[in-house]
$ cat structure_17.json   # JSON, C-alpha atoms and all ligand atoms
[["chain", "number", "residue", "atom", "x", "y", "z"],
["A", 909, "GLN", "CA", 144.98, 23.95, 2.51],
["A", 910, "LYS", "CA", 142.38, 25.47, 0.17],
["A", 911, "GLU", "CA", 145.09, 25.96, -2.46],
["A", 912, "LEU", "CA", 146.20, 22.36, -2.08],
["A", 913, "LEU", "CA", 142.65, 21.12, -2.50],
["A", 914, "ASN", "CA", 142.10, 23.31, -5.54],
["A", 915, "GLN", "CA", 145.08, 21.63, -7.18],
["A", 916, "LEU", "CA", 143.16, 18.36, -6.96],
["A", 917, "LYS", "CA", 140.51, 19.57, -9.39],
["A", 918, "GLY", "CA", 140.65, 17.53, -12.57],
["A", 919, "LYS", "CA", 142.62, 14.76, -10.81],
["A", 920, "GLU", "CA", 141.41, 11.18, -10.45],
["A", 921, "ASN", "CA", 140.06, 9.61, -7.27],
["A", 922, "VAL", "CA", 142.65, 6.86, -7.23],
["A", 923, "THR", "CA", 144.70, 5.25, -4.48],
["A", 924, "LYS", "CA", 148.45, 4.68, -4.69],
["A", 925, "SER", "CA", 147.81, 1.09, -5.72],
["A", 926, "GLY", "CA", 145.38, 2.11, -8.45],
["A", 927, "GLN", "CA", 141.97, 1.50, -6.84],
["A", 928, "LYS", "CA", 139.47, 3.96, -8.25],
["A", 929, "VAL", "CA", 136.39, 5.32, -6.50],
["A", 930, "ASN", "CA", 133.75, 7.70, -7.77],
["A", 931, "VAL", "CA", 133.28, 10.77, -5.65],
["A", 932, "TYR", "CA", 129.91, 12.37, -6.20],
["A", 933, "ALA", "CA", 127.99, 15.08, -4.37],
["A", 934, "ASN", "CA", 124.73, 15.28, -2.42],
["A", 935, "ILE", "CA", 122.34, 18.12, -3.15],
["A", 936, "GLY", "CA", 119.01, 19.29, -1.80],
["A", 937, "ASN", "CA", 117.91, 21.71, -4.50],
["A", 938, "LEU", "CA", 118.73, 23.09, -7.93],
["A", 939, "ALA", "CA", 120.82, 25.95, -6.57],
["A", 940, "ASP", "CA", 123.40, 23.47, -5.21],
["A", 941, "VAL", "CA", 124.34, 22.20, -8.67],
["A", 942, "GLY", "CA", 126.81, 25.05, -9.10],
["A", 943, "ALA", "CA", 128.74, 23.87, -6.04],
["A", 944, "VAL", "CA", 128.82, 20.32, -7.42],
["A", 945, "LEU", "CA", 130.53, 21.47, -10.62],
["A", 946, "LYS", "CA", 132.77, 23.98, -8.85],
["A", 947, "ASN", "CA", 134.11, 21.23, -6.58],
["A", 948, "ASP", "CA", 134.65, 18.89, -9.52],
["A", 949, "ALA", "CA", 132.36, 16.09, -8.32],
["A", 950, "GLY", "CA", 132.01, 13.24, -10.80],
["A", 951, "GLY", "CA", 128.24, 13.33, -10.54],
["A", 952, "ILE", "CA", 125.36, 13.73, -8.14],
["A", 953, "GLY", "CA", 125.03, 10.70, -5.88],
["A", 954, "LEU", "CA", 121.95, 11.88, -4.01],
["A", 955, "PHE", "CA", 119.53, 14.51, -5.17],
["A", 956, "ARG", "CA", 116.99, 14.77, -2.37],
["A", 957, "SER", "CA", 113.80, 15.53, -4.30],
["A", 958, "GLU", "CA", 111.84, 16.44, -1.16],
["A", 959, "PHE", "CA", 112.45, 20.16, -1.60],
["A", 960, "LEU", "CA", 110.02, 20.13, -4.53],
["A", 961, "TYR", "CA", 107.31, 19.02, -2.13],
["A", 962, "LEU", "CA", 108.45, 21.01, 0.90],
["A", 963, "GLU", "CA", 108.62, 24.32, -0.97],
["A", 964, "SER", "CA", 105.16, 23.97, -2.46],
["A", 965, "ASP", "CA", 101.64, 24.44, -1.01],
["A", 966, "THR", "CA", 100.29, 21.56, -3.02],
["A", 967, "TYR", "CA", 101.53, 18.53, -4.93],
["A", 968, "PRO", "CA", 104.14, 19.62, -7.47],
["A", 969, "THR", "CA", 102.88, 18.85, -10.96],
["A", 970, "GLU", "CA", 104.60, 16.59, -13.45],
["A", 971, "GLU", "CA", 105.61, 19.63, -15.51],
["A", 972, "GLN", "CA", 107.09, 21.43, -12.50],
["A", 973, "GLN", "CA", 109.10, 18.37, -11.56],
["A", 974, "PHE", "CA", 110.11, 17.64, -15.13],
["A", 975, "ALA", "CA", 111.52, 21.16, -15.51],
["A", 976, "VAL", "CA", 113.73, 20.71, -12.42],
["A", 977, "TYR", "CA", 114.98, 17.21, -13.28],
["A", 978, "LYS", "CA", 115.65, 18.21, -16.90],
["A", 979, "LYS", "CA", 117.59, 21.26, -15.75],
["A", 980, "VAL", "CA", 119.82, 19.29, -13.40],
["A", 981, "ALA", "CA", 120.40, 16.58, -16.02],
["A", 982, "GLU", "CA", 121.34, 19.16, -18.63],
["A", 983, "THR", "CA", 123.53, 21.17, -16.28],
["A", 984, "MET", "CA", 125.45, 18.05, -15.30],
["A", 985, "ALA", "CA", 126.02, 17.45, -19.02],
["A", 986, "GLY", "CA", 126.12, 13.67, -19.17],
["A", 987, "LYS", "CA", 127.49, 13.11, -15.67],
["A", 988, "LYS", "CA", 125.47, 10.76, -13.50],
["A", 989, "VAL", "CA", 122.59, 12.32, -11.55],
["A", 990, "ILE", "CA", 120.99, 10.00, -9.00],
["A", 991, "ILE", "CA", 117.60, 11.36, -8.02],
["A", 992, "ARG", "CA", 115.91, 9.93, -4.96],
["A", 993, "THR", "CA", 112.14, 9.68, -5.05],
["A", 994, "LEU", "CA", 110.28, 11.55, -2.35],
["A", 995, "ASP", "CA", 111.25, 10.84, 1.22],
["A", 996, "ILE", "CA", 108.44, 12.69, 2.99],
["A", 997, "GLY", "CA", 107.22, 11.80, 6.47],
["A", 998, "ALA", "CA", 109.04, 11.43, 9.78],
["A", 999, "ASP", "CA", 111.19, 14.58, 10.13],
["A", 1000, "LYS", "CA", 109.93, 16.01, 6.82],
["A", 1001, "GLN", "CA", 106.24, 16.89, 7.14],
["A", 1002, "VAL", "CA", 104.19, 18.49, 4.39],
["A", 1003, "ASP", "CA", 100.68, 19.75, 5.29],
["A", 1004, "TYR", "CA", 98.91, 18.93, 2.03],
["A", 1005, "PHE", "CA", 99.88, 15.26, 2.34],
["A", 1006, "LYS", "CA", 97.51, 15.26, 5.33],
["A", 1007, "LEU", "CA", 99.52, 12.64, 7.16],
["A", 1008, "ASP", "CA", 98.19, 11.52, 10.51],
["A", 1009, "LYS", "CA", 100.13, 12.37, 13.61],
["A", 1010, "GLU", "CA", 102.02, 9.27, 14.64],
["A", 1011, "ASP", "CA", 103.57, 8.12, 17.88],
["A", 1012, "ASN", "CA", 106.69, 6.85, 16.10],
["A", 1013, "PRO", "CA", 107.09, 8.85, 12.90],
["A", 1014, "ALA", "CA", 110.57, 7.47, 12.16],
["A", 1015, "LEU", "CA", 108.98, 4.04, 12.13],
["A", 1016, "GLY", "CA", 105.88, 5.31, 10.45],
["A", 1017, "TYR", "CA", 104.19, 6.19, 7.21],
["A", 1018, "ARG", "CA", 106.95, 7.71, 5.14],
["A", 1019, "ALA", "CA", 108.96, 7.63, 1.94],
["A", 1020, "ILE", "CA", 108.38, 4.53, -0.19],
["A", 1021, "ARG", "CA", 105.49, 3.51, 2.08],
["A", 1022, "ILE", "CA", 103.59, 6.61, 0.94],
["A", 1023, "CYS", "CA", 104.59, 6.04, -2.69],
["A", 1024, "LEU", "CA", 103.39, 2.45, -2.74],
["A", 1025, "THR", "CA", 100.04, 3.22, -1.11],
["A", 1026, "ARG", "CA", 99.40, 6.46, -3.00],
["A", 1027, "PRO", "CA", 100.67, 5.47, -6.45],
["A", 1028, "GLU", "CA", 99.21, 8.56, -8.14],
["A", 1029, "ILE", "CA", 101.79, 10.70, -6.33],
["A", 1030, "PHE", "CA", 104.57, 8.22, -7.12],
["A", 1031, "LYS", "CA", 103.62, 7.92, -10.79],
["A", 1032, "THR", "CA", 103.64, 11.68, -11.29],
["A", 1033, "GLN", "CA", 107.21, 11.78, -10.01],
["A", 1034, "LEU", "CA", 108.29, 8.76, -12.05],
["A", 1035, "ARG", "CA", 106.78, 10.20, -15.24],
["A", 1036, "ALA", "CA", 108.70, 13.45, -14.68],
["A", 1037, "LEU", "CA", 111.92, 11.53, -13.97],
["A", 1038, "TYR", "CA", 111.65, 9.29, -17.03],
["A", 1039, "ARG", "CA", 110.82, 12.22, -19.31],
["A", 1040, "ALA", "CA", 113.86, 14.08, -17.95],
["A", 1041, "SER", "CA", 116.02, 11.02, -18.60],
["A", 1042, "ALA", "CA", 116.08, 12.00, -22.29],
["A", 1043, "TYR", "CA", 118.24, 15.01, -21.34],
["A", 1044, "GLY", "CA", 121.12, 13.46, -19.44],
["A", 1045, "GLN", "CA", 122.30, 10.59, -17.29],
["A", 1046, "ILE", "CA", 119.54, 10.23, -14.72],
["A", 1047, "SER", "CA", 119.39, 7.29, -12.29],
["A", 1048, "ILE", "CA", 116.50, 6.78, -9.89],
["A", 1049, "MET", "CA", 116.87, 5.66, -6.29],
["A", 1050, "PHE", "CA", 114.21, 4.58, -3.80],
["A", 1051, "PRO", "CA", 114.40, 5.31, -0.04],
["A", 1052, "MET", "CA", 113.55, 3.25, 3.05],
["A", 1053, "ILE", "CA", 113.35, -0.13, 1.34],
["A", 1054, "ILE", "CA", 112.89, -3.18, 3.56],
["A", 1055, "SER", "CA", 111.89, -5.97, 1.18],
["A", 1056, "VAL", "CA", 112.15, -7.60, -2.22],
["A", 1057, "ALA", "CA", 108.35, -7.39, -2.52],
["A", 1058, "GLU", "CA", 108.55, -3.59, -2.37],
["A", 1059, "VAL", "CA", 111.15, -3.52, -5.12],
["A", 1060, "LYS", "CA", 109.05, -5.81, -7.31],
["A", 1061, "LYS", "CA", 106.03, -3.56, -6.78],
["A", 1062, "ILE", "CA", 108.12, -0.49, -7.63],
["A", 1063, "LYS", "CA", 109.30, -2.15, -10.83],
["A", 1064, "GLU", "CA", 105.69, -2.92, -11.82],
["A", 1065, "ILE", "CA", 104.76, 0.72, -11.38],
["A", 1066, "VAL", "CA", 107.85, 1.79, -13.31],
["A", 1067, "GLU", "CA", 106.81, -0.50, -16.16],
["A", 1068, "GLU", "CA", 103.31, 1.02, -16.16],
["A", 1069, "VAL", "CA", 104.81, 4.49, -16.39],
["A", 1070, "LYS", "CA", 107.13, 3.50, -19.22],
["A", 1071, "ALA", "CA", 104.27, 1.88, -21.12],
["A", 1072, "GLU", "CA", 102.22, 5.08, -20.81],
["A", 1073, "LEU", "CA", 105.10, 7.21, -22.04],
["A", 1074, "ARG", "CA", 105.70, 4.86, -24.96],
["A", 1075, "THR", "CA", 102.04, 5.07, -25.97],
["A", 1076, "GLU", "CA", 102.22, 8.85, -25.78],
["A", 1077, "GLY", "CA", 105.37, 8.86, -27.88],
["A", 1078, "ALA", "CA", 107.27, 10.75, -25.15],
["A", 1079, "ALA", "CA", 111.08, 10.75, -25.28],
["A", 1080, "PHE", "CA", 112.76, 8.83, -22.45],
["A", 1081, "ARG", "CA", 115.56, 6.35, -21.84],
["A", 1082, "GLU", "CA", 114.54, 2.72, -21.52],
["A", 1083, "ASP", "CA", 117.67, 1.82, -19.55],
["A", 1084, "VAL", "CA", 117.53, 4.25, -16.62],
["A", 1085, "GLU", "CA", 119.51, 2.72, -13.74],
["A", 1086, "LEU", "CA", 117.30, 1.87, -10.76],
["A", 1087, "GLY", "CA", 118.81, 1.63, -7.30],
["A", 1088, "ILE", "CA", 117.74, 1.47, -3.70],
["A", 1089, "MET", "CA", 118.93, 3.04, -0.52],
["A", 1090, "ILE", "CA", 120.27, 0.66, 2.06],
["A", 1091, "GLU", "CA", 119.16, 2.36, 5.25],
["A", 1092, "THR", "CA", 117.32, -0.32, 7.21],
["A", 1093, "PRO", "CA", 118.80, -3.42, 8.84],
["A", 1094, "ALA", "CA", 116.13, -5.42, 6.97],
["A", 1095, "ALA", "CA", 117.50, -4.29, 3.63],
["A", 1096, "VAL", "CA", 120.99, -5.33, 4.72],
["A", 1097, "MET", "CA", 119.81, -8.76, 5.82],
["A", 1098, "VAL", "CA", 118.10, -9.42, 2.47],
["A", 1099, "SER", "CA", 120.67, -7.49, 0.45],
["A", 1100, "ARG", "CA", 121.74, -10.48, -1.61],
["A", 1101, "GLU", "CA", 118.17, -10.92, -2.89],
["A", 1102, "LEU", "CA", 117.70, -7.17, -3.33],
["A", 1103, "ALA", "CA", 120.91, -6.97, -5.35],
["A", 1104, "LYS", "CA", 119.44, -9.33, -7.92],
["A", 1105, "GLU", "CA", 116.57, -6.88, -8.49],
["A", 1106, "VAL", "CA", 118.34, -3.52, -8.82],
["A", 1107, "ASP", "CA", 121.27, -1.88, -10.58],
["A", 1108, "PHE", "CA", 122.93, -0.36, -7.53],
["A", 1109, "PHE", "CA", 122.84, 0.24, -3.78],
["A", 1110, "SER", "CA", 123.46, 3.47, -1.94],
["A", 1111, "VAL", "CA", 123.91, 3.27, 1.81],
["A", 1112, "GLY", "CA", 122.05, 5.92, 3.81],
["A", 1113, "THR", "CA", 124.20, 5.83, 6.92],
["A", 1114, "ASN", "CA", 122.13, 8.46, 8.74],
["A", 1115, "ASP", "CA", 119.07, 6.26, 8.87],
["A", 1116, "LEU", "CA", 121.03, 3.01, 8.91],
["A", 1117, "THR", "CA", 122.70, 4.16, 12.13],
["A", 1118, "GLN", "CA", 119.36, 5.24, 13.58],
["A", 1119, "TYR", "CA", 117.64, 1.94, 12.83],
["A", 1120, "THR", "CA", 120.59, -0.31, 13.64],
["A", 1121, "LEU", "CA", 121.26, 1.28, 17.01],
["A", 1122, "ALA", "CA", 117.61, 2.07, 17.78],
["A", 1123, "ILE", "CA", 118.57, 5.69, 18.39],
["A", 1124, "ASP", "CA", 116.50, 8.60, 17.10],
["A", 1125, "ARG", "CA", 118.85, 10.57, 14.82],
["A", 1126, "GLN", "CA", 117.04, 13.78, 15.82],
["A", 1127, "ASN", "CA", 117.17, 13.38, 19.58],
["A", 1128, "GLN", "CA", 119.96, 15.66, 20.78],
["A", 1129, "LYS", "CA", 120.00, 14.02, 24.18],
["A", 1130, "LEU", "CA", 121.22, 10.86, 22.47],
["A", 1131, "GLU", "CA", 123.93, 12.49, 20.41],
["A", 1132, "ASP", "CA", 126.69, 10.71, 22.32],
["A", 1133, "PHE", "CA", 125.02, 7.36, 21.75],
["A", 1134, "TYR", "CA", 124.43, 7.91, 18.06],
["A", 1135, "ASP", "CA", 127.68, 6.31, 16.92],
["A", 1136, "SER", "CA", 127.95, 5.80, 13.17],
["A", 1137, "HIS", "CA", 131.32, 4.10, 13.79],
["A", 1138, "HIS", "CA", 129.64, 1.38, 15.83],
["A", 1139, "PRO", "CA", 130.93, -2.00, 14.60],
["A", 1140, "ALA", "CA", 127.34, -3.08, 13.93],
["A", 1141, "VAL", "CA", 126.89, -0.22, 11.47],
["A", 1142, "LEU", "CA", 130.20, -0.96, 9.73],
["A", 1143, "ALA", "CA", 129.33, -4.66, 9.56],
["A", 1144, "MET", "CA", 126.02, -3.75, 7.90],
["A", 1145, "ILE", "CA", 127.81, -1.68, 5.27],
["A", 1146, "ARG", "CA", 130.32, -4.47, 4.64],
["A", 1147, "MET", "CA", 127.56, -7.04, 4.25],
["A", 1148, "ALA", "CA", 125.66, -4.85, 1.79],
["A", 1149, "ALA", "CA", 128.86, -4.36, -0.21],
["A", 1150, "GLU", "CA", 129.51, -8.10, -0.37],
["A", 1151, "SER", "CA", 125.95, -8.74, -1.54],
["A", 1152, "ALA", "CA", 126.09, -6.06, -4.21],
["A", 1153, "HIS", "CA", 129.39, -7.29, -5.58],
["A", 1154, "ALA", "CA", 128.34, -10.95, -5.48],
["A", 1155, "GLU", "CA", 125.56, -9.97, -7.90],
["A", 1156, "GLY", "CA", 127.79, -7.77, -10.03],
["A", 1157, "LYS", "CA", 126.23, -4.51, -8.85],
["A", 1158, "TRP", "CA", 127.89, -1.37, -7.55],
["A", 1159, "ILE", "CA", 127.47, 0.19, -4.13],
["A", 1160, "GLY", "CA", 127.91, 3.73, -2.88],
["A", 1161, "ILE", "CA", 127.51, 5.56, 0.40],
["A", 1162, "CYS", "CA", 125.44, 8.75, 0.43],
["A", 1163, "GLY", "CA", 124.90, 9.24, 4.17],
["A", 1164, "GLU", "CA", 127.08, 11.62, 6.18],
["A", 1165, "LEU", "CA", 129.53, 8.86, 6.99],
["A", 1166, "GLY", "CA", 130.68, 8.80, 3.37],
["A", 1167, "ALA", "CA", 132.46, 12.10, 4.01],
["A", 1168, "ASP", "CA", 134.17, 10.89, 7.18],
["A", 1169, "VAL", "CA", 137.77, 10.70, 6.05],
["A", 1170, "THR", "CA", 138.77, 8.66, 9.10],
["A", 1171, "LEU", "CA", 136.81, 5.84, 7.45],
["A", 1172, "THR", "CA", 137.81, 6.33, 3.82],
["A", 1173, "GLU", "CA", 140.40, 3.55, 3.96],
["A", 1174, "THR", "CA", 137.90, 1.22, 5.63],
["A", 1175, "PHE", "CA", 135.43, 1.89, 2.83],
["A", 1176, "LEU", "CA", 138.12, 1.35, 0.20],
["A", 1177, "LYS", "CA", 138.91, -2.02, 1.75],
["A", 1178, "MET", "CA", 135.23, -2.96, 1.58],
["A", 1179, "GLY", "CA", 135.37, -2.13, -2.12],
["A", 1180, "ILE", "CA", 132.84, 0.70, -1.92],
["A", 1181, "ASP", "CA", 132.53, 2.00, -5.48],
["A", 1182, "GLU", "CA", 131.22, 5.48, -4.84],
["A", 1183, "LEU", "CA", 131.16, 8.05, -2.06],
["A", 1184, "SER", "CA", 128.61, 10.82, -2.30],
["A", 1185, "VAL", "CA", 129.36, 13.74, -0.01],
["A", 1186, "ALA", "CA", 128.52, 17.39, 0.53],
["A", 1187, "PRO", "CA", 129.93, 19.41, -2.39],
["A", 1188, "GLY", "CA", 132.44, 21.11, -0.09],
["A", 1189, "MET", "CA", 133.87, 17.71, 0.94],
["A", 1190, "VAL", "CA", 134.51, 16.30, -2.54],
["A", 1191, "LEU", "CA", 138.12, 17.45, -2.80],
["A", 1192, "LYS", "CA", 138.94, 16.48, 0.79],
["A", 1193, "VAL", "CA", 137.73, 12.95, 0.13],
["A", 1194, "ARG", "CA", 139.70, 12.91, -3.13],
["A", 1195, "GLN", "CA", 142.80, 13.94, -1.22],
["A", 1196, "LYS", "CA", 142.27, 11.14, 1.31],
["A", 1197, "ILE", "CA", 141.78, 8.56, -1.45],
["A", 1198, "ARG", "CA", 144.94, 9.68, -3.23],
["A", 1199, "GLU", "CA", 146.95, 9.38, 0.02],
["A", 1200, "ALA", "CA", 145.69, 5.86, 0.68],
["A", 1201, "GLU", "CA", 147.57, 2.72, -0.27],
["B", 1301, "LIG", "C1", 120.55, 8.69, 5.06],
["B", 1301, "LIG", "O1", 119.60, 8.26, 5.72],
["B", 1301, "LIG", "O2", 121.74, 8.45, 5.32],
["B", 1301, "LIG", "C2", 120.31, 9.53, 3.87],
["B", 1301, "LIG", "C3", 121.27, 9.82, 3.03],
["B", 1301, "LIG", "O3", 119.04, 10.03, 3.70],
["B", 1301, "LIG", "P1", 118.42, 11.23, 4.56],
["B", 1301, "LIG", "O4", 119.54, 11.80, 5.40],
["B", 1301, "LIG", "O5", 117.85, 12.18, 3.58],
["B", 1301, "LIG", "O6", 117.39, 10.50, 5.36],
["B", 1302, "MG", "MG", 117.54, 8.40, 4.96]]

$ encode --input "structure_17.json" --output "structure tokens" --more "lines below"
Ligand code: PEP
Ligand code: MG
Amino acid sequence: QKELLNQLKGKENVTKSGQKVNVYANIGNLADVGAVLKNDAGGIGLFRSEFLYLESDTYPTEEQQFAVYKKVAETMAGKKVIIRTLDIGADKQVDYFKLDKEDNPALGYRAIRICLTRPEIFKTQLRALYRASAYGQISIMFPMIISVAEVKKIKEIVEEVKAELRTEGAAFREDVELGIMIETPAAVMVSRELAKEVDFFSVGTNDLTQYTLAIDRQNQKLEDFYDSHHPAVLAMIRMAAESAHAEGKWIGICGELGADVTLTETFLKMGIDELSVAPGMVLKVRQKIREAE
């Protein structure tokens, strides 16, 4: 089996009828990049930037972040690297953020909600990301989006950051792709409007399942109820795909479901453009795509 999969390295992710899909990999720190290349992923579809914050006793500086983003961009040598801005809060707590204890952390102050209310933290990360964009093919993705207003606010802050960097004469790419995660039912319901504002969508099926089914993804007692194959979840993904495509944008899946090969054909039929999976799953997903009609 391993041998068979190894033979798929260098091969295209294409179905028998010629439909092509990008298969990228998810990573959680710099050390994982080796596995991405070893498994012949076409890019990084989700770089969870939280580790920078979780592994530090205080806010990581712009220079610290820049060094990491630059390194991953350079190592991927022109392949797409989609970096998600910090998704702290809920299950990922960091002491120095001094977040209040909340009754419903999954529904609480987290991710983009922190970034939009504490823009100094957000701007530091955006500055590091834009500066690193000069060294490879970086895209930026924002988590936990629920509204067009949030995206407009994000774009204002992005423009401020770019203006600063221009004034400073810093090297960066003007055309960095900006995308959002689709991981709330609200984002799905307004996906057509959101698609007008961004370059791409990436479906976070872990949270989308949690919020669609109203089931805590961390509660082991509810494991049997947490059904990512629920028709409501699949309908959400289909709707987001239709919205993206209606506005000429691409859509990927970066939650765990993207690696579920029992659904690969379903995703192909929806026209999903990219699947981002654990590095060790890249070749298995490629195999499944190549077997599909
Ligand atoms: C998701 O919610 O599906 C996702 C990819 O993000 P995370 O698992 O980091 O919340
Ligand atoms: Mg998520």

$ residues_near_ligand --input "structure_17.json" --ligand "ligand LIG 1301 (chain B)" --cutoff "6 Å" --atoms "only C-alpha atoms and all ligand atoms" --output "number ranges by chain"
A: 1091, 1112-1115, 1162-1163

$ atom_distance --input "structure_17.json" --atom1 "atom CA of A:Leu960" --atom2 "atom CA of A:Thr1092"
24.7 Å

$ residues_around --input "structure_17.json" --residues "A:Glu1085" --least-positions-apart "4" --cutoff "7 Å" --atoms "all atoms listed in the file" --output "list in words"
Ser1047, Ile1048 and Asp1107 of chain A

$ residues_around --input "structure_17.json" --residues "A:Tyr1038" --least-positions-apart "3" --cutoff "10 Å" --atoms "all atoms listed in the file" --output "list of chain:residue names"
A:Phe974, A:Tyr977, A:Lys978, A:Gln1033, A:Leu1034, A:Arg1035, A:Ser1041, A:Ala1042, A:Tyr1043, A:Ile1046, A:Ser1047, A:Ile1048, A:Val1066, A:Val1069, A:Lys1070, A:Leu1073, A:Ala1078, A:Ala1079, A:Phe1080, A:Arg1081, A:Glu1082, A:Asp1083, A:Val1084

$ residues_near_point --input "structure_17.json" --point "(134.8, 23.6, -3.6)" --cutoff "10 Å" --atoms "all atoms listed in the file" --output "PyMOL selection string"
chain A and resi 910+913-914+917+942-949+1186-1192

$ atom_distance --input "structure_17.json" --atom1 "atom CA of A:Arg1198" --atom2 "atom CA of A:Val922"
5.4 Å

$ residues_around --input "structure_17.json" --residues "stretch 1054-1062 of chain A" --least-positions-apart "6" --cutoff "7 Å" --atoms "only C-alpha atoms" --output "list in words"
Thr1092, Ala1094, Ala1095, Glu1101 and Leu1102 of chain A

$ residues_around --input "structure_17.json" --residues "stretch 1116-1120 of chain A" --least-positions-apart "3" --cutoff "10 Å" --atoms "all atoms listed in the file" --output "VMD selection string"
chain A and resid 1014 to 1015 1052 1089 to 1096 1111 to 1113 1123 to 1126 1134 to 1138 1140 to 1142 1144 to 1145 1163 1165

$ closest_residue --input "structure_17.json" --among "A:Lys1177, A:Ala1152, A:Gly1166, A:Asp1008" --to "A:Ala933" --atoms "only C-alpha atoms"
A:Gly1166

$ atom_distance --input "structure_17.json" --atom1 "atom CA of A:Leu912" --atom2 "atom CA of A:Arg1194"
11.5 Å

$ closest_residue --input "structure_17.json" --among "A:Thr966, A:Asn1127, A:Ser1110, A:Gln915" --to "ligand MG 1302 (chain B)" --atoms "all atoms listed in the file"
A:Ser1110

$ residues_around --input "structure_17.json" --residues "A:Ser925" --least-positions-apart "4" --cutoff "12 Å" --atoms "only C-alpha atoms" --output "count of residues only"
7

$ closest_residue --input "structure_17.json" --among "A:Val929, A:Ala1036, A:Val1185, A:Ile991" --to "A:Pro1051" --atoms "only C-alpha atoms"
A:Ile991

$ build_atoms --input "structure_17.json" --residues "stretch 1146-1164 of chain A" --atoms "N, CA and C atoms" --output "mmCIF file, in the coordinates of the input"
data_model
loop_
_atom_site.group_PDB
_atom_site.id
_atom_site.type_symbol
_atom_site.label_atom_id
_atom_site.label_comp_id
_atom_site.auth_asym_id
_atom_site.auth_seq_id
_atom_site.Cartn_x
_atom_site.Cartn_y
_atom_site.Cartn_z
ATOM 1 N N ARG A 1146 129.480 -3.445 5.271
ATOM 2 C CA ARG A 1146 130.320 -4.470 4.640
ATOM 3 C C ARG A 1146 129.451 -5.575 4.029
ATOM 4 N N MET A 1147 128.430 -5.977 4.753
ATOM 5 C CA MET A 1147 127.560 -7.040 4.250
ATOM 6 C C MET A 1147 126.826 -6.603 2.977
ATOM 7 N N ALA A 1148 126.346 -5.368 2.983
ATOM 8 C CA ALA A 1148 125.660 -4.850 1.790
ATOM 9 C C ALA A 1148 126.609 -4.809 0.603
ATOM 10 N N ALA A 1149 127.865 -4.434 0.865
ATOM 11 C CA ALA A 1149 128.860 -4.360 -0.210
ATOM 12 C C ALA A 1149 129.135 -5.750 -0.785
ATOM 13 N N GLU A 1150 129.262 -6.721 0.100
ATOM 14 C CA GLU A 1150 129.510 -8.100 -0.370
ATOM 15 C C GLU A 1150 128.338 -8.598 -1.217
ATOM 16 N N SER A 1151 127.135 -8.296 -0.785
ATOM 17 C CA SER A 1151 125.950 -8.740 -1.540
ATOM 18 C C SER A 1151 125.901 -8.074 -2.913
ATOM 19 N N ALA A 1152 126.132 -6.769 -2.931
ATOM 20 C CA ALA A 1152 126.090 -6.060 -4.210
ATOM 21 C C ALA A 1152 127.100 -6.661 -5.175
ATOM 22 N N HIS A 1153 128.328 -6.821 -4.690
ATOM 23 C CA HIS A 1153 129.390 -7.290 -5.580
ATOM 24 C C HIS A 1153 129.178 -8.735 -6.010
ATOM 25 N N ALA A 1154 128.607 -9.549 -5.122
ATOM 26 C CA ALA A 1154 128.340 -10.950 -5.480
ATOM 27 C C ALA A 1154 127.346 -11.029 -6.642
ATOM 28 N N GLU A 1155 126.528 -9.982 -6.792
ATOM 29 C CA GLU A 1155 125.560 -9.970 -7.900
ATOM 30 C C GLU A 1155 126.000 -9.023 -9.021
ATOM 31 N N GLY A 1156 127.251 -8.596 -8.943
ATOM 32 C CA GLY A 1156 127.790 -7.770 -10.030
ATOM 33 C C GLY A 1156 127.251 -6.339 -10.049
ATOM 34 N N LYS A 1157 126.796 -5.858 -8.901
ATOM 35 C CA LYS A 1157 126.230 -4.510 -8.850
ATOM 36 C C LYS A 1157 127.181 -3.580 -8.091
ATOM 37 N N TRP A 1158 127.012 -2.291 -8.270
ATOM 38 C CA TRP A 1158 127.890 -1.370 -7.550
ATOM 39 C C TRP A 1158 127.188 -0.811 -6.310
ATOM 40 N N ILE A 1159 128.017 -0.341 -5.378
ATOM 41 C CA ILE A 1159 127.470 0.190 -4.130
ATOM 42 C C ILE A 1159 128.171 1.495 -3.741
ATOM 43 N N GLY A 1160 127.369 2.460 -3.353
ATOM 44 C CA GLY A 1160 127.910 3.730 -2.880
ATOM 45 C C GLY A 1160 127.434 4.016 -1.465
ATOM 46 N N ILE A 1161 127.961 5.086 -0.912
ATOM 47 C CA ILE A 1161 127.510 5.560 0.400
ATOM 48 C C ILE A 1161 127.106 7.024 0.218
ATOM 49 N N CYS A 1162 125.866 7.353 0.579
ATOM 50 C CA CYS A 1162 125.440 8.750 0.430
ATOM 51 C C CYS A 1162 125.062 9.389 1.760
ATOM 52 N N GLY A 1163 125.133 8.636 2.860
ATOM 53 C CA GLY A 1163 124.900 9.240 4.170
ATOM 54 C C GLY A 1163 126.128 10.034 4.600
ATOM 55 N N GLU A 1164 125.991 10.745 5.712
ATOM 56 C CA GLU A 1164 127.080 11.620 6.180
ATOM 57 C C GLU A 1164 128.400 10.888 6.367
#
